[in-house]
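Trainee: Below are the structure tokens for one structure; questions will follow.
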Protein chains: 2
Amino acid sequence: MAPPYQRHLFVCTNRRPDGSPKGCCASKGSDDLRLAFKKELDAQQVGSVRANTAGCLDACERGPAVVVYPDNVWYGPITAHDVKEIVSSHFKAGVVVERLVMKLPIERKKP
Amino acid sequence: MAPPYQRHLFVCTNRRPDGSPKGCCASKGSDDLRLAFKKELDAQQVGSVRANTAGCLDACERGPAVVVYPDNVWYGPITAHDVKEIVSSHFKAGVVVERLVMKLPIERKKP
């Protein structure tokens, strides 16, 4: 599948050092999450959506984090168990899975 | 900067084995390209655009490849020399740099 894509999914697979206070998506299983998306896209024969890895999306506290463009929909935290529903509802039927949408903005105290 | 972003730039930094017929963005300097974007975003004080690495965007032949969402604008091949113009024109003024837009779709012979 070459670009452009109907939808383009980016899964944060950034890994921080162990013990980092923000945590990281990789330590929360994001590599498996991306593989689950690829597998489910194949299973549901969704050929118009590409699932890519991405560097840190800066949503560490809400990870594992993914973003769907051009919809600009952020999901997180999600697990591999949520993938089937996101693919069938959002990617096939065009209905965002509201209960999994990330709470934004992320408020942070300035250091 | 936490999500959502006004614009979100993904730079393909995928590396294929040496001699791969498709080539790859990493061998064409995409790591430096991403750093150039980060530096220029800082220099032009564009705080609303995030520049992330991404896995293979499947535009290898037109790389180094980047995509800007939610605009869904693909650029490539581009070099670090093009970064200043993309930041000032597209990200600051909202005017896509047409001469650098990737030629799509990418026609491929089926194996």
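Ordered as shown in the structure tokens, chains take letters A, B, and onward, while each chain numbers its residues from 1 and ligands are numbered from 1 in the order shown.
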Do a neighbour search on Asp18 (chain A) at 12 Å with only C-alpha atoms, toss out local chain neighbours closer than 6 positions, and write the hits as number ranges by chain.

Mentor: A: 24-28

Trainee: Check every residue of chain B for an atom within 10 Å of chain A, counting only C-alpha atoms, and provide those that qualify as a PyMOL selection string.

Mentor: chain B and resi 1-8+10-13+50-60+67-74+102+104-108

Trainee: So which residues of chain A fall under helix (DSSP H, G or I) by DSSP, listed as a count of residues only?

Mentor: 36

Trainee: Give me, as a PyMOL selection string, all polymer residues having an atom no more than 8 Å from Ile78 (chain B), counting only C-alpha atoms and skipping those fewer than 4 positions away in the same chain.

Mentor: chain B and resi 63-65+82+100

Trainee: Mind doing a quick least-squares superposition of chain A onto chain B, all C-alpha atoms paired one-to-one in order, and writing it out as a short mmCIF file (atom, residue, chain, number, x, y, z; two decimals) with N, CA, C and O atoms, in the first residue's frame?

Mentor:
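Result file is superposed11.cif:
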data_model
loop_
_atom_site.label_atom_id
_atom_site.label_comp_id
_atom_site.auth_asym_id
_atom_site.auth_seq_id
_atom_site.Cartn_x
_atom_site.Cartn_y
_atom_site.Cartn_z
N MET A 1 5.57 20.30 24.64
CA MET A 1 4.33 20.43 23.88
C MET A 1 3.55 19.11 23.91
O MET A 1 4.07 18.07 23.52
N ALA A 2 2.34 19.17 24.40
CA ALA A 2 1.51 17.96 24.45
C ALA A 2 0.44 18.02 23.37
O ALA A 2 0.06 19.10 22.92
N PRO A 3 -0.09 16.86 22.96
CA PRO A 3 -1.12 16.86 21.92
C PRO A 3 -2.42 17.48 22.43
O PRO A 3 -2.63 17.54 23.64
N PRO A 4 -3.31 17.89 21.51
CA PRO A 4 -3.16 17.82 20.06
C PRO A 4 -2.27 18.94 19.53
O PRO A 4 -2.07 19.95 20.20
N TYR A 5 -1.75 18.75 18.33
CA TYR A 5 -0.86 19.73 17.70
C TYR A 5 -1.58 20.39 16.53
O TYR A 5 -2.43 19.77 15.90
N GLN A 6 -1.18 21.62 16.24
CA GLN A 6 -1.77 22.27 15.06
C GLN A 6 -1.42 21.47 13.81
O GLN A 6 -2.27 21.23 12.95
N ARG A 7 -0.15 21.11 13.74
CA ARG A 7 0.30 20.23 12.66
C ARG A 7 1.25 19.20 13.24
O ARG A 7 1.99 19.49 14.20
N HIS A 8 1.28 18.03 12.63
CA HIS A 8 2.10 16.94 13.13
C HIS A 8 2.88 16.37 11.94
O HIS A 8 2.29 15.87 10.98
N LEU A 9 4.18 16.51 12.04
CA LEU A 9 5.07 16.11 10.96
C LEU A 9 5.72 14.77 11.29
O LEU A 9 6.25 14.60 12.40
N PHE A 10 5.67 13.87 10.34
CA PHE A 10 6.33 12.57 10.52
C PHE A 10 7.40 12.41 9.45
O PHE A 10 7.13 12.53 8.25
N VAL A 11 8.60 12.12 9.92
CA VAL A 11 9.74 11.94 9.03
C VAL A 11 10.10 10.46 9.03
O VAL A 11 10.43 9.88 10.08
N CYS A 12 10.03 9.85 7.86
CA CYS A 12 10.39 8.43 7.77
C CYS A 12 11.87 8.26 8.05
O CYS A 12 12.70 8.87 7.37
N THR A 13 12.20 7.44 9.03
CA THR A 13 13.61 7.18 9.32
C THR A 13 13.90 5.68 9.19
O THR A 13 14.81 5.16 9.83
N ASN A 14 13.10 5.03 8.35
CA ASN A 14 13.30 3.60 8.17
C ASN A 14 14.61 3.31 7.43
O ASN A 14 14.98 4.05 6.52
N ARG A 15 15.27 2.27 7.86
CA ARG A 15 16.53 1.86 7.21
C ARG A 15 16.39 0.43 6.68
O ARG A 15 16.03 -0.48 7.42
N ARG A 16 16.65 0.28 5.40
CA ARG A 16 16.67 -1.06 4.78
C ARG A 16 18.11 -1.54 4.66
O ARG A 16 19.04 -0.73 4.73
N PRO A 17 18.28 -2.84 4.42
CA PRO A 17 19.64 -3.34 4.23
C PRO A 17 20.31 -2.65 3.04
O PRO A 17 19.63 -2.27 2.08
N ASP A 18 21.61 -2.49 3.12
CA ASP A 18 22.36 -1.89 2.00
C ASP A 18 22.05 -2.65 0.71
O ASP A 18 21.99 -3.88 0.70
N GLY A 19 21.87 -1.91 -0.37
CA GLY A 19 21.65 -2.54 -1.67
C GLY A 19 20.20 -2.85 -1.96
O GLY A 19 19.88 -3.36 -3.03
N SER A 20 19.31 -2.54 -1.04
CA SER A 20 17.89 -2.78 -1.30
C SER A 20 17.45 -1.97 -2.51
O SER A 20 17.74 -0.77 -2.60
N PRO A 21 16.74 -2.59 -3.46
CA PRO A 21 16.39 -1.87 -4.69
C PRO A 21 15.48 -0.66 -4.47
O PRO A 21 15.51 0.29 -5.25
N LYS A 22 14.67 -0.68 -3.43
CA LYS A 22 13.77 0.45 -3.16
C LYS A 22 14.52 1.62 -2.51
O LYS A 22 14.00 2.73 -2.47
N GLY A 23 15.72 1.35 -2.00
CA GLY A 23 16.39 2.37 -1.21
C GLY A 23 15.66 2.56 0.11
O GLY A 23 14.71 1.83 0.42
N CYS A 24 16.08 3.54 0.89
CA CYS A 24 15.37 3.84 2.12
C CYS A 24 15.66 5.28 2.53
O CYS A 24 16.66 5.86 2.11
N CYS A 25 14.76 5.82 3.33
CA CYS A 25 14.89 7.22 3.72
C CYS A 25 16.11 7.44 4.61
O CYS A 25 16.78 8.47 4.50
N ALA A 26 16.42 6.48 5.47
CA ALA A 26 17.56 6.68 6.38
C ALA A 26 18.86 6.83 5.59
O ALA A 26 19.69 7.69 5.91
N SER A 27 19.01 6.03 4.54
CA SER A 27 20.26 6.11 3.77
C SER A 27 20.34 7.40 2.98
O SER A 27 21.39 7.77 2.46
N LYS A 28 19.22 8.08 2.86
CA LYS A 28 19.17 9.36 2.13
C LYS A 28 19.18 10.56 3.08
O LYS A 28 18.85 11.67 2.68
N GLY A 29 19.49 10.30 4.35
CA GLY A 29 19.72 11.43 5.25
C GLY A 29 18.52 11.87 6.07
O GLY A 29 18.47 13.01 6.54
N SER A 30 17.56 10.96 6.31
CA SER A 30 16.34 11.42 6.99
C SER A 30 16.55 11.72 8.47
O SER A 30 15.80 12.53 9.05
N ASP A 31 17.54 11.11 9.10
CA ASP A 31 17.79 11.45 10.52
C ASP A 31 18.22 12.92 10.62
O ASP A 31 17.73 13.66 11.48
N ASP A 32 19.12 13.32 9.75
CA ASP A 32 19.53 14.73 9.73
C ASP A 32 18.36 15.64 9.37
O ASP A 32 18.25 16.76 9.87
N LEU A 33 17.51 15.15 8.49
CA LEU A 33 16.35 15.93 8.07
C LEU A 33 15.44 16.22 9.25
O LEU A 33 14.98 17.36 9.45
N ARG A 34 15.19 15.22 10.04
CA ARG A 34 14.32 15.45 11.21
C ARG A 34 14.97 16.43 12.18
O ARG A 34 14.29 17.33 12.71
N LEU A 35 16.24 16.29 12.41
CA LEU A 35 16.92 17.23 13.31
C LEU A 35 16.86 18.64 12.75
O LEU A 35 16.69 19.61 13.50
N ALA A 36 16.97 18.77 11.43
CA ALA A 36 16.87 20.09 10.81
C ALA A 36 15.48 20.69 11.03
O ALA A 36 15.34 21.89 11.29
N PHE A 37 14.46 19.87 10.96
CA PHE A 37 13.10 20.37 11.23
C PHE A 37 12.98 20.83 12.68
O PHE A 37 12.44 21.90 12.96
N LYS A 38 13.47 20.04 13.59
CA LYS A 38 13.37 20.41 15.01
C LYS A 38 14.09 21.74 15.27
O LYS A 38 13.58 22.62 15.95
N LYS A 39 15.26 21.84 14.69
CA LYS A 39 16.06 23.05 14.88
C LYS A 39 15.35 24.27 14.28
O LYS A 39 15.29 25.35 14.89
N GLU A 40 14.79 24.10 13.09
CA GLU A 40 14.15 25.22 12.40
C GLU A 40 12.83 25.60 13.07
O GLU A 40 12.48 26.80 13.11
N LEU A 41 12.11 24.63 13.59
CA LEU A 41 10.88 24.94 14.33
C LEU A 41 11.21 25.79 15.55
O LEU A 41 10.50 26.74 15.88
N ASP A 42 12.31 25.45 16.20
CA ASP A 42 12.75 26.27 17.34
C ASP A 42 13.17 27.67 16.87
O ASP A 42 12.78 28.68 17.45
N ALA A 43 13.96 27.70 15.80
CA ALA A 43 14.50 28.97 15.33
C ALA A 43 13.39 29.94 14.91
O ALA A 43 13.46 31.14 15.16
N GLN A 44 12.34 29.37 14.27
CA GLN A 44 11.23 30.22 13.82
C GLN A 44 10.11 30.29 14.86
O GLN A 44 9.02 30.81 14.57
N GLN A 45 10.38 29.74 16.02
CA GLN A 45 9.45 29.79 17.16
C GLN A 45 8.05 29.28 16.80
O GLN A 45 7.04 29.91 17.11
N VAL A 46 8.05 28.13 16.14
CA VAL A 46 6.78 27.47 15.81
C VAL A 46 6.53 26.42 16.88
O VAL A 46 7.05 25.30 16.80
N GLY A 47 5.75 26.77 17.86
CA GLY A 47 5.55 25.87 18.99
C GLY A 47 4.39 24.92 18.83
O GLY A 47 4.13 24.10 19.71
N SER A 48 3.70 24.99 17.71
CA SER A 48 2.46 24.23 17.56
C SER A 48 2.61 23.04 16.61
O SER A 48 1.63 22.38 16.28
N VAL A 49 3.83 22.80 16.17
CA VAL A 49 4.08 21.70 15.24
C VAL A 49 5.07 20.74 15.88
O VAL A 49 6.12 21.17 16.40
N ARG A 50 4.74 19.47 15.86
CA ARG A 50 5.65 18.46 16.41
C ARG A 50 6.27 17.67 15.26
O ARG A 50 5.57 17.29 14.32
N ALA A 51 7.57 17.42 15.37
CA ALA A 51 8.29 16.64 14.35
C ALA A 51 8.69 15.30 14.95
O ALA A 51 9.49 15.25 15.88
N ASN A 52 8.08 14.24 14.43
CA ASN A 52 8.35 12.89 14.94
C ASN A 52 9.05 12.02 13.91
O ASN A 52 8.86 12.22 12.71
N THR A 53 9.78 11.06 14.39
CA THR A 53 10.23 9.99 13.50
C THR A 53 9.06 9.04 13.25
O THR A 53 8.12 8.97 14.04
N ALA A 54 9.13 8.34 12.15
CA ALA A 54 8.14 7.31 11.86
C ALA A 54 8.82 6.13 11.19
O ALA A 54 9.89 6.29 10.59
N GLY A 55 8.19 4.97 11.30
CA GLY A 55 8.65 3.82 10.54
C GLY A 55 8.36 4.04 9.07
O GLY A 55 7.94 5.12 8.65
N CYS A 56 8.57 3.01 8.28
CA CYS A 56 8.47 3.13 6.82
C CYS A 56 7.10 3.64 6.38
O CYS A 56 6.07 3.02 6.65
N LEU A 57 7.10 4.75 5.67
CA LEU A 57 5.85 5.34 5.17
C LEU A 57 5.47 4.77 3.81
O LEU A 57 4.46 5.16 3.24
N ASP A 58 6.28 3.87 3.32
CA ASP A 58 6.06 3.20 2.03
C ASP A 58 6.07 4.18 0.85
O ASP A 58 5.28 4.05 -0.09
N ALA A 59 6.96 5.13 0.96
CA ALA A 59 7.19 6.06 -0.15
C ALA A 59 8.68 6.08 -0.45
O ALA A 59 9.25 7.10 -0.84
N CYS A 60 9.30 4.92 -0.30
CA CYS A 60 10.76 4.78 -0.34
C CYS A 60 11.35 5.42 -1.60
O CYS A 60 12.38 6.10 -1.54
N GLU A 61 10.71 5.18 -2.74
CA GLU A 61 11.26 5.68 -4.01
C GLU A 61 11.29 7.20 -4.08
O GLU A 61 12.01 7.78 -4.89
N ARG A 62 10.46 7.84 -3.29
CA ARG A 62 10.34 9.31 -3.32
C ARG A 62 10.95 9.94 -2.07
O ARG A 62 10.65 11.08 -1.75
N GLY A 63 11.74 9.17 -1.34
CA GLY A 63 12.29 9.65 -0.09
C GLY A 63 13.55 10.46 -0.27
O GLY A 63 14.14 10.44 -1.35
N PRO A 64 13.97 11.18 0.77
CA PRO A 64 13.40 11.18 2.10
C PRO A 64 11.97 11.72 2.09
O PRO A 64 11.70 12.76 1.48
N ALA A 65 11.09 10.99 2.76
CA ALA A 65 9.66 11.28 2.74
C ALA A 65 9.18 11.78 4.08
O ALA A 65 9.56 11.24 5.12
N VAL A 66 8.33 12.79 4.03
CA VAL A 66 7.67 13.27 5.24
C VAL A 66 6.19 13.49 4.92
O VAL A 66 5.83 13.69 3.75
N VAL A 67 5.37 13.42 5.94
CA VAL A 67 3.96 13.72 5.77
C VAL A 67 3.52 14.66 6.88
O VAL A 67 3.99 14.55 8.03
N VAL A 68 2.69 15.61 6.52
CA VAL A 68 2.19 16.61 7.45
C VAL A 68 0.69 16.39 7.64
O VAL A 68 -0.08 16.45 6.67
N TYR A 69 0.30 16.10 8.87
CA TYR A 69 -1.12 15.93 9.20
C TYR A 69 -1.55 17.03 10.13
O TYR A 69 -0.72 17.59 10.85
N PRO A 70 -2.84 17.39 10.23
CA PRO A 70 -3.93 16.75 9.49
C PRO A 70 -4.07 17.22 8.05
O PRO A 70 -5.00 16.81 7.35
N ASP A 71 -3.13 18.03 7.56
CA ASP A 71 -3.21 18.54 6.20
C ASP A 71 -3.17 17.43 5.14
O ASP A 71 -3.67 17.61 4.04
N ASN A 72 -2.52 16.30 5.50
CA ASN A 72 -2.34 15.20 4.55
C ASN A 72 -1.50 15.65 3.35
O ASN A 72 -1.81 15.32 2.21
N VAL A 73 -0.47 16.38 3.63
CA VAL A 73 0.46 16.85 2.59
C VAL A 73 1.75 16.02 2.70
O VAL A 73 2.35 15.94 3.77
N TRP A 74 2.13 15.44 1.57
CA TRP A 74 3.35 14.64 1.51
C TRP A 74 4.43 15.43 0.78
O TRP A 74 4.19 15.97 -0.30
N TYR A 75 5.61 15.43 1.37
CA TYR A 75 6.77 16.05 0.71
C TYR A 75 7.84 14.98 0.47
O TYR A 75 8.10 14.14 1.32
N GLY A 76 8.49 15.07 -0.70
CA GLY A 76 9.60 14.19 -0.96
C GLY A 76 9.88 14.05 -2.44
O GLY A 76 8.94 14.13 -3.24
N PRO A 77 11.13 13.84 -2.84
CA PRO A 77 12.27 13.87 -1.93
C PRO A 77 12.61 15.30 -1.50
O PRO A 77 12.56 16.21 -2.33
N ILE A 78 12.96 15.44 -0.23
CA ILE A 78 13.40 16.74 0.26
C ILE A 78 14.71 16.55 1.03
O ILE A 78 15.05 15.44 1.44
N THR A 79 15.40 17.66 1.22
CA THR A 79 16.65 17.63 1.98
C THR A 79 16.58 18.69 3.07
O THR A 79 15.63 19.49 3.13
N ALA A 80 17.61 18.73 3.88
CA ALA A 80 17.67 19.72 4.95
C ALA A 80 17.63 21.14 4.41
O ALA A 80 17.21 22.06 5.11
N HIS A 81 18.04 21.30 3.15
CA HIS A 81 18.01 22.64 2.54
C HIS A 81 16.59 23.16 2.31
O HIS A 81 16.38 24.35 2.13
N ASP A 82 15.62 22.24 2.27
CA ASP A 82 14.22 22.63 2.02
C ASP A 82 13.46 22.96 3.30
O ASP A 82 12.33 23.47 3.25
N VAL A 83 14.07 22.67 4.43
CA VAL A 83 13.34 22.72 5.69
C VAL A 83 12.91 24.14 6.06
O VAL A 83 11.78 24.37 6.49
N LYS A 84 13.81 25.08 5.87
CA LYS A 84 13.52 26.46 6.25
C LYS A 84 12.26 26.97 5.52
O LYS A 84 11.40 27.61 6.11
N GLU A 85 12.18 26.65 4.23
CA GLU A 85 11.05 27.12 3.43
C GLU A 85 9.75 26.43 3.85
O GLU A 85 8.69 27.08 3.92
N ILE A 86 9.80 25.14 4.14
CA ILE A 86 8.59 24.43 4.57
C ILE A 86 8.09 25.00 5.89
O ILE A 86 6.89 25.22 6.09
N VAL A 87 9.00 25.28 6.80
CA VAL A 87 8.59 25.82 8.10
C VAL A 87 8.00 27.22 7.94
O VAL A 87 6.92 27.52 8.48
N SER A 88 8.67 28.08 7.17
CA SER A 88 8.17 29.46 7.05
C SER A 88 6.90 29.52 6.22
O SER A 88 5.95 30.22 6.58
N SER A 89 6.86 28.79 5.12
CA SER A 89 5.71 28.88 4.22
C SER A 89 4.53 28.05 4.73
O SER A 89 3.44 28.57 4.97
N HIS A 90 4.76 26.78 4.92
CA HIS A 90 3.64 25.89 5.28
C HIS A 90 3.23 26.05 6.75
O HIS A 90 2.07 26.29 7.05
N PHE A 91 4.21 25.95 7.63
CA PHE A 91 3.87 25.90 9.06
C PHE A 91 3.55 27.28 9.64
O PHE A 91 2.74 27.38 10.56
N LYS A 92 4.19 28.30 9.12
CA LYS A 92 3.91 29.63 9.66
C LYS A 92 2.82 30.35 8.86
O LYS A 92 1.92 30.95 9.43
N ALA A 93 2.91 30.29 7.53
CA ALA A 93 1.97 31.06 6.70
C ALA A 93 0.81 30.22 6.17
O ALA A 93 -0.14 30.76 5.61
N GLY A 94 0.91 28.90 6.34
CA GLY A 94 -0.19 28.04 5.88
C GLY A 94 -0.21 27.80 4.39
O GLY A 94 -1.22 27.34 3.85
N VAL A 95 0.91 28.09 3.72
CA VAL A 95 0.98 27.91 2.26
C VAL A 95 1.87 26.71 1.93
O VAL A 95 3.08 26.73 2.18
N VAL A 96 1.27 25.68 1.38
CA VAL A 96 2.00 24.47 1.02
C VAL A 96 3.08 24.79 -0.01
O VAL A 96 2.85 25.60 -0.92
N VAL A 97 4.24 24.18 0.12
CA VAL A 97 5.34 24.40 -0.83
C VAL A 97 5.16 23.41 -1.99
O VAL A 97 5.69 22.29 -1.97
N GLU A 98 4.42 23.86 -2.99
CA GLU A 98 3.96 22.95 -4.04
C GLU A 98 5.10 22.26 -4.78
O GLU A 98 5.00 21.09 -5.15
N ARG A 99 6.20 22.97 -4.99
CA ARG A 99 7.28 22.37 -5.79
C ARG A 99 7.94 21.19 -5.08
O ARG A 99 8.63 20.38 -5.70
N LEU A 100 7.71 21.05 -3.78
CA LEU A 100 8.31 19.96 -3.02
C LEU A 100 7.31 18.84 -2.70
O LEU A 100 7.69 17.83 -2.11
N VAL A 101 6.07 19.05 -3.12
CA VAL A 101 5.05 18.04 -2.82
C VAL A 101 5.36 16.75 -3.59
O VAL A 101 5.74 16.78 -4.76
N MET A 102 5.21 15.64 -2.92
CA MET A 102 5.51 14.34 -3.51
C MET A 102 4.54 14.01 -4.64
O MET A 102 3.34 14.27 -4.53
N LYS A 103 5.08 13.43 -5.70
CA LYS A 103 4.22 12.98 -6.80
C LYS A 103 3.55 11.67 -6.40
O LYS A 103 4.23 10.65 -6.20
N LEU A 104 2.23 11.73 -6.31
CA LEU A 104 1.46 10.56 -5.89
C LEU A 104 0.33 10.33 -6.89
O LEU A 104 -0.13 11.27 -7.50
N PRO A 105 -0.17 9.11 -7.03
CA PRO A 105 0.31 7.92 -6.35
C PRO A 105 1.62 7.42 -6.93
O PRO A 105 2.05 7.86 -7.99
N ILE A 106 2.25 6.49 -6.21
CA ILE A 106 3.46 5.84 -6.69
C ILE A 106 3.04 4.56 -7.40
O ILE A 106 2.47 3.66 -6.79
N GLU A 107 3.29 4.53 -8.70
CA GLU A 107 2.89 3.34 -9.47
C GLU A 107 3.94 2.25 -9.29
O GLU A 107 5.13 2.52 -9.43
N ARG A 108 3.49 1.07 -9.01
CA ARG A 108 4.43 -0.06 -8.84
C ARG A 108 3.97 -1.24 -9.67
O ARG A 108 2.77 -1.53 -9.71
N LYS A 109 4.94 -1.90 -10.26
CA LYS A 109 4.61 -3.12 -11.00
C LYS A 109 4.37 -4.23 -9.98
O LYS A 109 5.12 -4.38 -9.01
N LYS A 110 3.33 -5.01 -10.23
CA LYS A 110 3.09 -6.15 -9.35
C LYS A 110 4.14 -7.22 -9.63
O LYS A 110 4.51 -7.43 -10.78
N PRO A 111 4.63 -7.87 -8.58
CA PRO A 111 5.69 -8.86 -8.77
C PRO A 111 5.18 -10.07 -9.54
O PRO A 111 4.01 -10.35 -9.56
#

Trainee: Identify, with DSSP run on backbone atoms, the residues in chain B assigned to strand (DSSP E), and express the list as a VMD selection string.

Mentor: chain B and resid 7 to 12 49 to 54 66 to 69 73 to 75
